[in-house]
$ cat target.cif   # mmCIF, C-alpha atoms
data_input
loop_
_atom_site.label_atom_id
_atom_site.label_comp_id
_atom_site.auth_asym_id
_atom_site.auth_seq_id
_atom_site.Cartn_x
_atom_site.Cartn_y
_atom_site.Cartn_z
CA MET X 30 0.00 0.00 0.00
CA LYS X 31 2.85 2.38 0.88
CA LYS X 32 4.54 1.63 -2.45
CA LEU X 33 1.33 2.43 -4.34
CA LEU X 34 0.91 5.65 -2.40
CA SER X 35 4.52 6.66 -3.10
CA LEU X 36 4.06 5.92 -6.82
CA PHE X 37 0.86 7.97 -6.86
CA VAL X 38 2.60 10.97 -5.23
CA LEU X 39 5.48 10.70 -7.72
CA MET X 40 3.09 10.64 -10.68
CA MET X 41 1.21 13.66 -9.32
CA PHE X 42 4.49 15.55 -8.93
CA LEU X 43 5.62 14.75 -12.44
CA GLY X 44 2.23 15.66 -13.85
CA ALA X 45 2.37 19.06 -12.17
CA MET X 46 5.68 19.93 -13.81
CA PRO X 47 5.49 22.35 -16.78
CA LEU X 48 5.45 20.51 -20.09
CA ASP X 49 8.10 22.70 -21.67
CA CYS X 50 10.56 22.87 -18.82
CA HIS X 51 12.87 20.50 -17.05
CA SER X 52 14.98 21.19 -14.04
CA ALA X 53 18.70 20.72 -14.14
CA GLN X 54 19.72 21.17 -10.56
CA GLN X 55 23.39 21.43 -11.34
CA ALA X 56 25.20 24.38 -9.84
CA GLY X 57 21.81 25.88 -9.02
CA THR X 58 20.83 26.42 -12.68
CA PHE X 59 17.50 25.92 -14.41
CA LYS X 60 17.49 24.82 -18.02
CA ILE X 61 14.50 25.47 -20.25
CA ASP X 62 13.40 23.21 -23.07
CA PHE X 63 11.73 25.96 -25.11
CA PRO X 64 10.57 26.37 -27.79
CA LYS X 65 9.52 22.94 -28.96
CA ARG X 66 7.31 24.24 -31.77
CA GLU X 67 6.64 27.43 -33.72
CA ILE X 68 5.96 30.68 -31.87
CA LYS X 69 3.03 32.70 -33.21
CA LEU X 70 3.41 36.48 -33.14
CA ILE X 71 0.08 38.26 -33.69
CA VAL X 72 0.44 41.59 -35.48
CA PRO X 73 -2.82 43.52 -34.91
CA TRP X 74 -2.61 45.41 -38.19
CA SER X 75 -2.96 44.59 -41.89
CA PRO X 76 0.03 43.20 -43.83
CA GLY X 77 2.50 45.71 -45.23
CA GLY X 78 2.41 48.27 -42.44
CA ALA X 79 5.39 49.32 -40.32
CA ASN X 80 4.64 46.93 -37.46
CA ASP X 81 4.12 44.05 -39.86
CA ILE X 82 7.42 44.76 -41.63
CA ASN X 83 9.24 45.04 -38.30
CA ALA X 84 7.83 41.76 -37.02
CA ARG X 85 8.63 39.88 -40.21
CA PHE X 86 12.20 41.15 -40.13
CA LEU X 87 12.67 39.11 -36.96
CA GLN X 88 11.57 35.83 -38.56
CA PRO X 89 14.82 34.85 -40.33
CA MET X 90 16.82 36.14 -37.37
CA PHE X 91 15.02 33.77 -34.99
CA LYS X 92 15.63 30.89 -37.37
CA LYS X 93 19.31 31.72 -37.76
CA MET X 94 20.08 32.59 -34.15
CA PHE X 95 17.86 30.17 -32.23
CA ASN X 96 16.65 27.64 -34.82
CA ALA X 97 13.16 28.77 -33.83
CA ASP X 98 10.19 29.34 -36.13
CA LEU X 99 8.56 32.73 -35.52
CA VAL X 100 5.28 32.86 -37.45
CA VAL X 101 3.59 36.22 -38.00
CA GLU X 102 -0.21 36.27 -38.07
CA ASN X 103 -2.05 39.47 -39.03
CA LEU X 104 -5.28 40.11 -37.17
CA ALA X 105 -6.41 43.69 -37.76
CA GLY X 106 -9.32 45.58 -36.27
CA GLY X 107 -10.32 47.95 -33.48
CA SER X 108 -7.13 50.02 -33.57
CA SER X 109 -5.17 46.87 -32.61
CA ALA X 110 -7.70 45.72 -29.98
CA VAL X 111 -8.80 42.61 -31.89
CA GLY X 112 -5.34 41.11 -32.30
CA ILE X 113 -3.96 42.07 -28.91
CA THR X 114 -7.08 40.77 -27.15
CA GLN X 115 -6.60 37.41 -28.85
CA ALA X 116 -2.96 37.37 -27.78
CA MET X 117 -3.85 38.20 -24.17
CA THR X 118 -6.55 35.52 -23.97
CA ALA X 119 -4.39 32.77 -25.46
CA ARG X 120 -2.92 29.95 -23.36
CA PRO X 121 0.03 31.42 -21.41
CA ASP X 122 2.56 28.87 -22.63
CA GLY X 123 4.84 31.21 -24.58
CA TYR X 124 3.71 30.04 -28.00
CA THR X 125 1.33 32.95 -28.67
CA LEU X 126 2.63 36.50 -28.45
CA GLY X 127 1.38 39.91 -29.52
CA TYR X 128 3.12 42.79 -31.28
CA ALA X 129 1.47 45.56 -29.28
CA SER X 130 2.02 49.29 -29.50
CA SER X 131 1.16 52.59 -27.88
CA SER X 132 -2.11 52.41 -29.83
CA TYR X 133 -3.39 49.73 -27.47
CA ILE X 134 -2.17 51.65 -24.43
CA ALA X 135 -4.15 54.65 -25.74
CA LEU X 136 -7.26 52.44 -25.84
CA ILE X 137 -6.64 51.43 -22.23
CA ALA X 138 -6.33 55.10 -21.24
CA GLN X 139 -9.72 55.84 -22.79
CA ASN X 140 -11.37 52.84 -21.10
CA MET X 141 -12.20 51.42 -24.52
CA VAL X 142 -10.93 47.90 -23.79
CA GLN X 143 -11.47 45.54 -20.86
CA LEU X 144 -8.03 43.91 -20.85
CA THR X 145 -5.21 46.13 -19.61
CA LEU X 146 -1.48 45.94 -18.89
CA ASP X 147 -2.34 43.75 -15.91
CA ASN X 148 -3.28 41.04 -18.40
CA MET X 149 0.12 41.08 -20.10
CA ASP X 150 3.54 39.66 -19.50
CA LEU X 151 6.00 42.10 -21.09
CA ILE X 152 8.82 40.64 -23.18
CA ALA X 153 10.73 43.45 -24.93
CA VAL X 154 10.45 46.82 -26.68
CA ALA X 155 10.72 46.24 -30.43
CA VAL X 156 11.07 49.85 -31.60
CA GLU X 157 10.57 53.40 -30.43
CA GLU X 158 9.35 55.69 -33.20
CA PRO X 159 9.42 59.49 -32.89
CA ILE X 160 6.58 61.63 -34.22
CA THR X 161 7.34 64.44 -36.65
CA MET X 162 5.51 67.41 -38.15
CA TYR X 163 6.35 68.17 -41.77
CA THR X 164 5.50 70.11 -44.92
CA LYS X 165 6.23 70.05 -48.64
CA ALA X 166 9.92 70.62 -49.36
CA LYS X 167 9.24 73.60 -51.65
CA SER X 168 6.46 75.15 -49.61
CA THR X 169 6.32 78.69 -48.24
CA TYR X 170 7.37 77.47 -44.80
CA THR X 171 10.77 76.15 -43.80
CA SER X 172 10.38 76.06 -40.02
CA LEU X 173 7.76 75.49 -37.33
CA PRO X 174 7.99 79.11 -36.05
CA GLN X 175 7.07 80.31 -39.56
CA VAL X 176 4.03 78.02 -39.64
CA LEU X 177 2.87 79.19 -36.22
CA ALA X 178 3.40 82.87 -37.07
CA ALA X 179 1.37 82.50 -40.28
CA ASN X 180 -1.51 80.84 -38.45
CA LYS X 181 -1.51 83.47 -35.71
CA ALA X 182 -1.53 86.26 -38.28
CA LYS X 183 -4.51 84.64 -39.97
CA PRO X 184 -6.17 82.19 -37.58
CA GLY X 185 -7.14 78.89 -39.17
CA SER X 186 -5.31 79.63 -42.40
CA ILE X 187 -2.92 76.68 -41.99
CA LYS X 188 -4.52 73.38 -43.01
CA PHE X 189 -3.26 70.59 -40.81
CA GLY X 190 -3.61 66.98 -42.01
CA LYS X 191 -3.62 64.13 -39.52
CA SER X 192 -4.61 60.47 -39.31
CA GLY X 193 -5.90 58.42 -36.40
CA THR X 194 -7.85 59.64 -33.40
CA PHE X 195 -6.37 59.39 -29.89
CA THR X 196 -2.71 58.79 -30.73
CA ALA X 197 0.67 60.17 -29.70
CA SER X 198 0.39 62.48 -32.72
CA TYR X 199 -2.96 63.76 -31.48
CA VAL X 200 -1.59 64.50 -28.01
CA PHE X 201 1.52 66.28 -29.30
CA PHE X 202 -0.55 68.29 -31.77
CA SER X 203 -2.99 69.29 -29.01
CA LEU X 204 -0.20 70.36 -26.66
CA LEU X 205 1.53 72.30 -29.43
CA GLN X 206 -1.64 74.25 -30.26
CA ARG X 207 -2.27 75.06 -26.60
CA GLN X 208 1.27 76.16 -25.82
CA ALA X 209 1.58 78.15 -29.07
CA GLY X 210 -1.77 79.86 -28.48
CA THR X 211 -3.16 79.07 -31.90
CA SER X 212 -5.56 76.66 -33.62
CA PHE X 213 -5.11 75.09 -37.03
CA THR X 214 -7.78 73.98 -39.45
CA VAL X 215 -7.60 70.23 -38.87
CA VAL X 216 -8.47 67.80 -41.66
CA PRO X 217 -8.58 64.09 -40.69
CA PHE X 218 -7.56 61.33 -43.10
CA ASP X 219 -7.63 57.55 -42.92
CA GLY X 220 -3.87 57.08 -43.03
CA ALA X 221 -0.50 58.81 -43.08
CA SER X 222 0.01 58.04 -46.77
CA ARG X 223 -3.10 60.06 -47.62
CA VAL X 224 -1.86 63.00 -45.53
CA ILE X 225 1.44 62.96 -47.39
CA THR X 226 -0.33 62.77 -50.76
CA GLU X 227 -2.47 65.80 -49.89
CA ILE X 228 0.59 67.79 -48.79
CA LEU X 229 2.54 66.92 -51.93
CA GLY X 230 -0.50 67.94 -53.97
CA GLY X 231 -0.62 71.33 -52.27
CA HIS X 232 -4.00 70.69 -50.59
CA MET X 233 -2.62 70.58 -47.03
CA ASP X 234 0.03 72.83 -45.51
CA VAL X 235 1.44 70.57 -42.79
CA GLY X 236 0.98 67.07 -41.44
CA ILE X 237 1.99 64.95 -38.48
CA SER X 238 2.99 61.28 -38.63
CA ASN X 239 5.37 58.66 -37.34
CA ILE X 240 8.85 59.34 -38.61
CA GLY X 241 8.92 56.06 -40.52
CA ASP X 242 5.98 57.17 -42.66
CA ILE X 243 7.90 60.07 -44.20
CA MET X 244 11.51 58.85 -44.44
CA THR X 245 11.27 57.73 -48.07
CA TYR X 246 9.89 61.14 -49.06
CA VAL X 247 12.49 62.96 -46.98
CA ASN X 248 15.26 60.98 -48.66
CA ASP X 249 13.70 61.82 -52.05
CA GLY X 250 13.80 65.52 -51.15
CA VAL X 251 10.05 66.15 -51.45
CA ILE X 252 9.07 66.33 -47.76
CA LEU X 253 10.66 68.70 -45.23
CA PRO X 254 10.44 67.73 -41.52
CA LEU X 255 9.86 70.77 -39.31
CA VAL X 256 10.07 69.36 -35.79
CA VAL X 257 10.56 66.03 -34.03
CA PHE X 258 8.46 65.29 -30.96
CA ALA X 259 11.12 63.45 -28.99
CA LYS X 260 13.46 64.10 -26.10
CA ASN X 261 16.52 63.91 -28.33
CA ARG X 262 17.18 64.71 -31.97
CA SER X 263 16.60 61.86 -34.38
CA THR X 264 19.72 60.17 -35.74
CA VAL X 265 18.14 60.08 -39.21
CA LEU X 266 16.94 63.71 -39.02
CA PRO X 267 19.90 65.31 -37.21
CA ASN X 268 19.15 68.78 -38.61
CA THR X 269 15.54 68.82 -37.44
CA PRO X 270 15.01 70.44 -34.02
CA THR X 271 13.02 68.84 -31.22
CA ALA X 272 9.90 70.56 -29.90
CA GLU X 273 11.72 71.33 -26.66
CA GLU X 274 14.46 73.15 -28.55
CA LEU X 275 11.74 75.36 -30.04
CA GLY X 276 10.25 76.07 -26.62
CA PHE X 277 7.43 73.52 -26.39
CA ASN X 278 7.12 70.97 -23.58
CA VAL X 279 5.21 68.20 -25.32
CA PHE X 280 6.01 65.80 -22.48
CA ALA X 281 4.18 67.95 -19.95
CA LEU X 282 1.66 65.16 -19.34
CA GLY X 283 4.20 62.35 -19.07
CA ASP X 284 6.26 60.00 -21.20
CA ILE X 285 3.97 59.72 -24.21
CA ILE X 286 6.01 57.67 -26.65
CA GLN X 287 5.08 55.90 -29.86
CA ALA X 288 6.56 52.46 -29.28
CA SER X 289 5.91 48.83 -30.21
CA PHE X 290 6.58 45.98 -27.84
CA ILE X 291 6.34 42.22 -27.58
CA MET X 292 3.86 40.89 -25.03
CA ALA X 293 2.42 37.56 -23.92
CA PRO X 294 -0.70 36.56 -22.00
CA LYS X 295 -0.30 36.93 -18.25
CA GLY X 296 0.86 33.85 -16.40
CA LEU X 297 3.91 32.63 -18.30
CA ASN X 298 6.17 30.14 -16.61
CA PRO X 299 8.99 32.39 -15.32
CA ALA X 300 11.62 30.33 -17.13
CA VAL X 301 9.72 30.56 -20.43
CA LYS X 302 9.30 34.29 -19.95
CA ALA X 303 13.01 34.73 -19.27
CA GLU X 304 13.88 32.71 -22.36
CA LEU X 305 11.59 34.78 -24.58
CA GLN X 306 13.06 37.97 -23.17
CA ARG X 307 16.56 36.69 -23.86
CA MET X 308 15.75 35.67 -27.45
CA PHE X 309 14.04 38.92 -28.44
CA ASN X 310 16.60 41.15 -26.72
CA GLU X 311 19.50 39.30 -28.30
CA ALA X 312 17.93 39.48 -31.77
CA MET X 313 17.18 43.17 -31.42
CA ALA X 314 20.65 43.94 -30.10
CA THR X 315 22.29 42.72 -33.31
CA LYS X 316 23.82 45.15 -35.76
CA GLU X 317 21.53 43.73 -38.44
CA TYR X 318 18.37 44.70 -36.57
CA ARG X 319 19.72 48.04 -35.37
CA ASP X 320 20.77 49.02 -38.89
CA PHE X 321 17.31 48.06 -40.13
CA ALA X 322 15.69 50.18 -37.39
CA ALA X 323 17.99 53.16 -38.01
CA GLN X 324 17.20 53.19 -41.73
CA ARG X 325 13.51 53.56 -40.84
CA GLY X 326 14.10 56.24 -38.21
CA PHE X 327 13.52 53.98 -35.21
CA THR X 328 15.49 53.48 -32.03
CA VAL X 329 15.67 50.21 -30.09
CA PRO X 330 15.78 50.64 -26.29
CA GLN X 331 17.62 47.80 -24.53
CA LEU X 332 15.85 47.37 -21.18
CA ASN X 333 15.99 44.84 -18.39
CA GLU X 334 12.67 43.59 -17.01
CA LYS X 335 12.39 46.26 -14.32
CA GLU X 336 13.17 49.02 -16.80
CA LEU X 337 10.74 47.52 -19.33
CA VAL X 338 7.85 47.57 -16.86
CA LYS X 339 8.64 51.16 -15.86
CA TYR X 340 8.89 52.19 -19.53
CA ILE X 341 5.50 50.75 -20.52
CA GLN X 342 3.80 51.96 -17.34
CA GLY X 343 5.20 55.43 -18.03
CA ILE X 344 3.54 55.48 -21.45
CA ASN X 345 0.29 54.36 -19.83
CA ILE X 346 0.47 57.14 -17.23
CA GLY X 347 1.07 59.72 -19.97
CA PHE X 348 -1.83 58.59 -22.14
CA THR X 349 -4.14 58.39 -19.11
CA ALA X 350 -3.38 62.02 -18.28
CA ALA X 351 -3.84 63.01 -21.93
CA ALA X 352 -7.20 61.25 -22.11
CA LYS X 353 -8.45 63.51 -19.33
CA GLU X 354 -6.79 66.64 -20.71
CA PHE X 355 -7.71 66.20 -24.38
CA PRO X 356 -10.67 63.79 -24.56
CA ILE X 357 -11.97 62.81 -27.97
CA GLN X 358 -15.39 64.39 -28.36
#
$ encode --input "target.cif" --output "structure tokens"
Amino acid sequence: MKKLLSLFVLMMFLGAMPLDCHSAQQAGTFKIDFPKREIKLIVPWSPGGANDINARFLQPMFKKMFNADLVVENLAGGSSAVGITQAMTARPDGYTLGYASSSYIALIAQNMVQLTLDNMDLIAVAVEEPITMYTKAKSTYTSLPQVLAANKAKPGSIKFGKSGTFTASYVFFSLLQRQAGTSFTVVPFDGASRVITEILGGHMDVGISNIGDIMTYVNDGVILPLVVFAKNRSTVLPNTPTAEELGFNVFALGDIIQASFIMAPKGLNPAVKAELQRMFNEAMATKEYRDFAAQRGFTVPQLNEKELVKYIQGINIGFTAAAKEFPIQ
């Protein structure tokens, strides 16, 4: 009877062990047998966008560096809510991840989604992307002060094209208007590419977008960036001043940053979580990835877990303050 009981206890113990982990109690280490199959990375946007391109750039790197299959699945809708919700409600085994961004944090700040940062395990920051305000290269204006002076002289005369609703661009634009004491004629569009088209066609005076949206046009000499909404000058736009240099505190409400990050559903085995963090951070620390990011105007913060949590929570605090200060009507 005692032997049967001992066997039963042993079987229960083995059955309770994580399927993807095994302990190697040698020198106090813990080895992880992960991944055993492909890892799905849900991109909550349509194929071809910046986040999709960034995620797919990691695929061959994961295969080469870790012999791991990283499979990108596009699941668009709800300003990223559809895809990120699916990622957060998946089994927390490390095989389903989400490519989230500040867009989802903005939804949290507006109480537009039920699942929040508390439902995520954070893995790594993929990219940080500054916001920029720009005009046509051969327009009347060559600086932000000129644009503001023209609009003050004739209120509403400057047509301002923007895309999206409650975004980092929206917050920066709102703070700029308030601090400059002027209001533009705002024209909304369904995407940054449309804003750029309207500016190049002479129908809009200025626009605001992620820096990656305009880099091709800047390099072609047809778009002129006027200001970068970031704490430091962009490495790809070194001659473009920051808003702070021009006298505007666009971080008055907190660390509102346009960033994308890798997340998993809450409840990962700590060893699996640590392995995912190691894999993504190592891939994104390579010269190959950093060169790719730099060409697109991105930066890649390298953060430990404590710094990562503080970074994402800081963005959440900023957007929460902005939601109260500049609510969408």
$ resolve_selection --input "target.cif" --expression "the PyMOL selection byres ((chain X and resi 233-241) around 7)" --output "JSON, numbers by chain"
{"X": [158, 159, 160, 161, 162, 163, 164, 187, 188, 189, 190, 191, 198, 221, 224, 227, 228, 231, 232, 242, 243, 244, 325, 326]}
$ residues_around --input "target.cif" --residues "Ser108 of chain X" --least-positions-apart "5" --cutoff "10 Å" --atoms "only C-alpha atoms" --output "number ranges by chain"
X: 73-74, 113, 132-133, 135-136, 193-194
$ residues_around --input "target.cif" --residues "Pro356 of chain X" --least-positions-apart "2" --cutoff "12 Å" --atoms "only C-alpha atoms" --output "list in words"
Ala135, Leu136, Ala138, Gln139, Asn140, Thr194, Phe195, Thr196, Tyr199, Val200, Ser203, Phe348, Thr349, Ala350, Ala351, Ala352, Lys353, Glu354 and Gln358 of chain X
$ resolve_selection --input "target.cif" --expression "the PyMOL selection byres ((chain X and resi 268) around 12)" --output "number ranges by chain"
X: 172, 253-257, 261-267, 269-271, 274
$ atom_distance --input "target.cif" --atom1 "atom CA of Pro64 of chain X" --atom2 "atom CA of Pro121 of chain X"
13.3 Å
$ closest_residue --input "target.cif" --among "X:Glu67, X:Asn298, X:Leu305, X:Ala293" --to "Gln115 of chain X" --atoms "only C-alpha atoms"
X:Ala293
$ resolve_selection --input "target.cif" --expression "the PyMOL selection byres ((chain X and resi 157) around 6)" --output "list in words"
Val156, Glu158, Ala288, Phe327 and Thr328 of chain X
$ write_last_selection --input "target.cif" --atoms "C-alpha atoms" --output "PDB file, in the frame of the given file"
ATOM      1  CA  VAL X 156      11.070  49.850 -31.600  1.00  0.00           C
ATOM      2  CA  GLU X 158       9.350  55.690 -33.200  1.00  0.00           C
ATOM      3  CA  ALA X 288       6.560  52.460 -29.280  1.00  0.00           C
ATOM      4  CA  PHE X 327      13.520  53.980 -35.210  1.00  0.00           C
ATOM      5  CA  THR X 328      15.490  53.480 -32.030  1.00  0.00           C
TER       6      THR X 328
END
$ residues_around --input "target.cif" --residues "Thr114 of chain X" --least-positions-apart "4" --cutoff "9 Å" --atoms "all atoms listed in the file" --output "number ranges by chain"
X: 109-110, 118-119, 127, 142, 144
$ write_last_selection --input "target.cif" --atoms "C-alpha atoms" --output "PDB file, keeping the file's coordinate frame"
ATOM      1  CA  SER X 109      -5.170  46.870 -32.610  1.00  0.00           C
ATOM      2  CA  ALA X 110      -7.700  45.720 -29.980  1.00  0.00           C
ATOM      3  CA  THR X 118      -6.550  35.520 -23.970  1.00  0.00           C
ATOM      4  CA  ALA X 119      -4.390  32.770 -25.460  1.00  0.00           C
ATOM      5  CA  GLY X 127       1.380  39.910 -29.520  1.00  0.00           C
ATOM      6  CA  VAL X 142     -10.930  47.900 -23.790  1.00  0.00           C
ATOM      7  CA  LEU X 144      -8.030  43.910 -20.850  1.00  0.00           C
TER       8      LEU X 144
END
$ residues_around --input "target.cif" --residues "Met292 of chain X" --least-positions-apart "2" --cutoff "12 Å" --atoms "all atoms listed in the file" --output "PDB file with C-alpha atoms, keeping the file's coordinate frame"
ATOM      1  CA  LYS X  69       3.030  32.700 -33.210  1.00  0.00           C
ATOM      2  CA  LEU X  70       3.410  36.480 -33.140  1.00  0.00           C
ATOM      3  CA  ILE X  71       0.080  38.260 -33.690  1.00  0.00           C
ATOM      4  CA  VAL X  72       0.440  41.590 -35.480  1.00  0.00           C
ATOM      5  CA  GLY X 112      -5.340  41.110 -32.300  1.00  0.00           C
ATOM      6  CA  ILE X 113      -3.960  42.070 -28.910  1.00  0.00           C
ATOM      7  CA  THR X 114      -7.080  40.770 -27.150  1.00  0.00           C
ATOM      8  CA  GLN X 115      -6.600  37.410 -28.850  1.00  0.00           C
ATOM      9  CA  ALA X 116      -2.960  37.370 -27.780  1.00  0.00           C
ATOM     10  CA  MET X 117      -3.850  38.200 -24.170  1.00  0.00           C
ATOM     11  CA  THR X 118      -6.550  35.520 -23.970  1.00  0.00           C
ATOM     12  CA  ALA X 119      -4.390  32.770 -25.460  1.00  0.00           C
ATOM     13  CA  PRO X 121       0.030  31.420 -21.410  1.00  0.00           C
ATOM     14  CA  GLY X 123       4.840  31.210 -24.580  1.00  0.00           C
ATOM     15  CA  TYR X 124       3.710  30.040 -28.000  1.00  0.00           C
ATOM     16  CA  THR X 125       1.330  32.950 -28.670  1.00  0.00           C
ATOM     17  CA  LEU X 126       2.630  36.500 -28.450  1.00  0.00           C
ATOM     18  CA  GLY X 127       1.380  39.910 -29.520  1.00  0.00           C
ATOM     19  CA  TYR X 128       3.120  42.790 -31.280  1.00  0.00           C
ATOM     20  CA  ALA X 129       1.470  45.560 -29.280  1.00  0.00           C
ATOM     21  CA  SER X 130       2.020  49.290 -29.500  1.00  0.00           C
ATOM     22  CA  TYR X 133      -3.390  49.730 -27.470  1.00  0.00           C
ATOM     23  CA  THR X 145      -5.210  46.130 -19.610  1.00  0.00           C
ATOM     24  CA  LEU X 146      -1.480  45.940 -18.890  1.00  0.00           C
ATOM     25  CA  ASP X 147      -2.340  43.750 -15.910  1.00  0.00           C
ATOM     26  CA  ASN X 148      -3.280  41.040 -18.400  1.00  0.00           C
ATOM     27  CA  MET X 149       0.120  41.080 -20.100  1.00  0.00           C
ATOM     28  CA  ASP X 150       3.540  39.660 -19.500  1.00  0.00           C
ATOM     29  CA  LEU X 151       6.000  42.100 -21.090  1.00  0.00           C
ATOM     30  CA  ILE X 152       8.820  40.640 -23.180  1.00  0.00           C
ATOM     31  CA  ALA X 153      10.730  43.450 -24.930  1.00  0.00           C
ATOM     32  CA  VAL X 154      10.450  46.820 -26.680  1.00  0.00           C
ATOM     33  CA  ALA X 155      10.720  46.240 -30.430  1.00  0.00           C
ATOM     34  CA  SER X 289       5.910  48.830 -30.210  1.00  0.00           C
ATOM     35  CA  PHE X 290       6.580  45.980 -27.840  1.00  0.00           C
ATOM     36  CA  PRO X 294      -0.700  36.560 -22.000  1.00  0.00           C
ATOM     37  CA  LYS X 295      -0.300  36.930 -18.250  1.00  0.00           C
ATOM     38  CA  GLY X 296       0.860  33.850 -16.400  1.00  0.00           C
ATOM     39  CA  LEU X 297       3.910  32.630 -18.300  1.00  0.00           C
ATOM     40  CA  LYS X 302       9.300  34.290 -19.950  1.00  0.00           C
ATOM     41  CA  LEU X 305      11.590  34.780 -24.580  1.00  0.00           C
ATOM     42  CA  GLN X 306      13.060  37.970 -23.170  1.00  0.00           C
ATOM     43  CA  PHE X 309      14.040  38.920 -28.440  1.00  0.00           C
ATOM     44  CA  LEU X 337      10.740  47.520 -19.330  1.00  0.00           C
ATOM     45  CA  VAL X 338       7.850  47.570 -16.860  1.00  0.00           C
ATOM     46  CA  ILE X 341       5.500  50.750 -20.520  1.00  0.00           C
TER      47      ILE X 341
END
$ atom_distance --input "target.cif" --atom1 "atom CA of Met313 of chain X" --atom2 "atom CA of Asn345 of chain X"
23.3 Å
$ residues_around --input "target.cif" --residues "Leu87 of chain X" --least-positions-apart "3" --cutoff "10 Å" --atoms "only C-alpha atoms" --output "number ranges by chain"
X: 82-84, 90-93, 99-101, 155, 309, 312-313, 318
$ atom_distance --input "target.cif" --atom1 "atom CA of Leu229 of chain X" --atom2 "atom CA of Ile252 of chain X"
7.8 Å
$ closest_residue --input "target.cif" --among "X:Gln206, X:Ser75, X:Thr169, X:Ser212" --to "Gly185 of chain X" --atoms "all atoms listed in the file"
X:Ser212
$ closest_residue --input "target.cif" --among "X:Val279, X:Ala182, X:Ile68, X:Val329" --to "Asp122 of chain X" --atoms "only C-alpha atoms"
X:Ile68
